[in-house]
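A quick write-up on the structure given underneath.
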Amino acid sequence: MKQRLTIAFALISDTELLVFDEPANGLDPNGMLEVRELLVKLNREKGVTIFISSHLLLKIEKMVTHLGIISYSEIKFEGSKEDLNNLYKFQKTKFQLNDAAKY
């Protein structure tokens, strides 16, 4: 409930920028979903820019359009989800063994 209250206080003001550190931390699964939906709605309907710091990448990637990855105080990546996926896409390799009986 403290996390929800903190988020509510942040949303009271009519601001153009919100900064959250682990906004879903300590929330139950439904609470995480509600917070995620609320932040996406604020961005889409009111144009609010939202910065989120989180270690829960699988949860965050469902709502972000752009992201940055920081490791040891250094920006390792900055761009769209698509850019990140293309950068680290695994290449498929096909192996074929001819005349397996010989081996």
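In the structure tokens, each chain is lettered A, B, ... as it comes, each chain's residues begin at 1, and ligands are numbered from 1 in order of appearance.
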
Please report, as a PDB file with C-alpha atoms, in the first residue's frame, each residue of chain A to which DSSP assigns strand (DSSP E) when run on this structure's backbone.
```
ATOM      1  CA  LEU A  17       7.961  14.095 -16.439  1.00  0.00           C
ATOM      2  CA  LEU A  18       7.783  11.290 -13.894  1.00  0.00           C
ATOM      3  CA  VAL A  19      10.802   9.377 -12.558  1.00  0.00           C
ATOM      4  CA  PHE A  20      10.281   6.036 -10.828  1.00  0.00           C
ATOM      5  CA  ASP A  21      12.710   3.648  -9.191  1.00  0.00           C
ATOM      6  CA  THR A  49       7.393  11.223 -20.219  1.00  0.00           C
ATOM      7  CA  ILE A  50       8.213   8.482 -17.731  1.00  0.00           C
ATOM      8  CA  PHE A  51      11.688   7.337 -16.696  1.00  0.00           C
ATOM      9  CA  ILE A  52      11.768   3.984 -14.913  1.00  0.00           C
ATOM     10  CA  SER A  53      14.724   2.377 -13.209  1.00  0.00           C
ATOM     11  CA  HIS A  66      12.910   3.272 -25.571  1.00  0.00           C
ATOM     12  CA  LEU A  67      15.391   2.007 -23.060  1.00  0.00           C
ATOM     13  CA  GLY A  68      18.879   2.447 -21.772  1.00  0.00           C
ATOM     14  CA  ILE A  69      21.099  -0.134 -20.162  1.00  0.00           C
ATOM     15  CA  ILE A  70      23.614   1.057 -17.589  1.00  0.00           C
ATOM     16  CA  SER A  71      26.328  -1.189 -16.214  1.00  0.00           C
ATOM     17  CA  GLU A  74      28.415   3.404 -18.033  1.00  0.00           C
ATOM     18  CA  ILE A  75      25.646   3.534 -20.640  1.00  0.00           C
ATOM     19  CA  LYS A  76      25.955   0.280 -22.581  1.00  0.00           C
ATOM     20  CA  PHE A  77      22.905   0.746 -24.811  1.00  0.00           C
ATOM     21  CA  GLU A  78      20.368   3.419 -25.623  1.00  0.00           C
ATOM     22  CA  GLY A  79      17.607   3.013 -28.195  1.00  0.00           C
ATOM     23  CA  SER A  80      14.368   1.255 -29.060  1.00  0.00           C
TER      24      SER A  80
END
```

As a list of chain:residue names, please: the residues near Asn25 (chain A) (cut-off 12 Å, only C-alpha atoms, same-chain neighbours under 5 positions excluded).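 Residues near the query, excluding close chain neighbours: A:Met1, A:Lys2, A:Gln3, A:Arg4, A:Thr6, A:Ile7, A:Phe20, A:Gly31, A:Met32, A:Leu33, A:Val35, A:Arg36, A:Ile52, A:Ser53, A:Ser54, A:His55, A:Leu56, A:Lys59, A:Ile60.
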
Residues of chain A in helix (DSSP H, G or I), written as number ranges by chain: A: 2-12, 29-46, 57-60, 81-87, 100-102

Leu5 (chain A) surroundings by only C-alpha atoms, 12 Å radius, close-in-sequence under 4 positions cut, as a list in words: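 Here the qualifying residues turn out to be Met1, Phe9, Ala10, Leu11, Ile12, Pro23, Leu27 and Val35 of chain A.
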
Hey, what's within 12 Å of Val48 (chain A) if we count only C-alpha atoms and toss same-chain stuff fewer than 3 positions away? As a ChimeraX atom specification, please? /A:11,13-19,38-45,51

Just write the chosen residues, N, CA and C atoms, as a compact mmCIF listing (two decimals), in the first residue's frame.
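Generated output (selection17.txt):
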```txt
# COMPACT_ATOMS: atom_id res chain seq x y z
N LEU A 11 1.44 11.28 -8.94
CA LEU A 11 0.49 11.54 -10.03
C LEU A 11 -0.44 12.72 -9.75
N SER A 13 0.23 15.84 -9.08
CA SER A 13 0.62 17.05 -9.82
C SER A 13 0.49 16.82 -11.31
N ASP A 14 0.20 17.87 -12.03
CA ASP A 14 0.08 17.80 -13.48
C ASP A 14 1.47 18.06 -14.06
N THR A 15 2.23 17.01 -14.24
CA THR A 15 3.62 17.14 -14.63
C THR A 15 3.87 16.54 -16.01
N GLU A 16 4.95 16.94 -16.63
CA GLU A 16 5.32 16.41 -17.94
C GLU A 16 6.32 15.27 -17.83
N LEU A 17 6.92 15.10 -16.64
CA LEU A 17 7.96 14.10 -16.44
C LEU A 17 7.78 13.41 -15.09
N LEU A 18 7.81 12.09 -15.12
CA LEU A 18 7.78 11.29 -13.89
C LEU A 18 9.02 10.40 -13.88
N VAL A 19 9.64 10.24 -12.71
CA VAL A 19 10.80 9.38 -12.56
C VAL A 19 10.48 8.38 -11.46
N LEU A 38 -1.47 1.92 -15.87
CA LEU A 38 -1.62 3.34 -15.53
C LEU A 38 -0.51 4.18 -16.16
N LEU A 39 0.72 3.71 -16.06
CA LEU A 39 1.83 4.48 -16.62
C LEU A 39 1.75 4.56 -18.14
N VAL A 40 1.38 3.47 -18.78
CA VAL A 40 1.21 3.48 -20.24
C VAL A 40 0.09 4.45 -20.62
N LYS A 41 -1.00 4.44 -19.87
CA LYS A 41 -2.13 5.34 -20.15
C LYS A 41 -1.72 6.80 -19.99
N LEU A 42 -0.98 7.10 -18.94
CA LEU A 42 -0.50 8.47 -18.73
C LEU A 42 0.35 8.95 -19.90
N ASN A 43 1.20 8.07 -20.37
CA ASN A 43 2.06 8.43 -21.49
C ASN A 43 1.25 8.65 -22.76
N ARG A 44 0.36 7.74 -23.06
CA ARG A 44 -0.41 7.82 -24.32
C ARG A 44 -1.43 8.95 -24.32
N GLU A 45 -2.15 9.10 -23.22
CA GLU A 45 -3.25 10.06 -23.20
C GLU A 45 -2.85 11.46 -22.80
N PHE A 51 10.42 8.05 -16.84
CA PHE A 51 11.69 7.34 -16.70
C PHE A 51 11.50 6.30 -15.60
```

Can you measure CA of Pro29 (chain A) to CA of Val64 (chain A) for me? One decimal in Å is fine.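 Separation of CA of Pro29 (chain A) and CA of Val64 (chain A): 18.5 Å.
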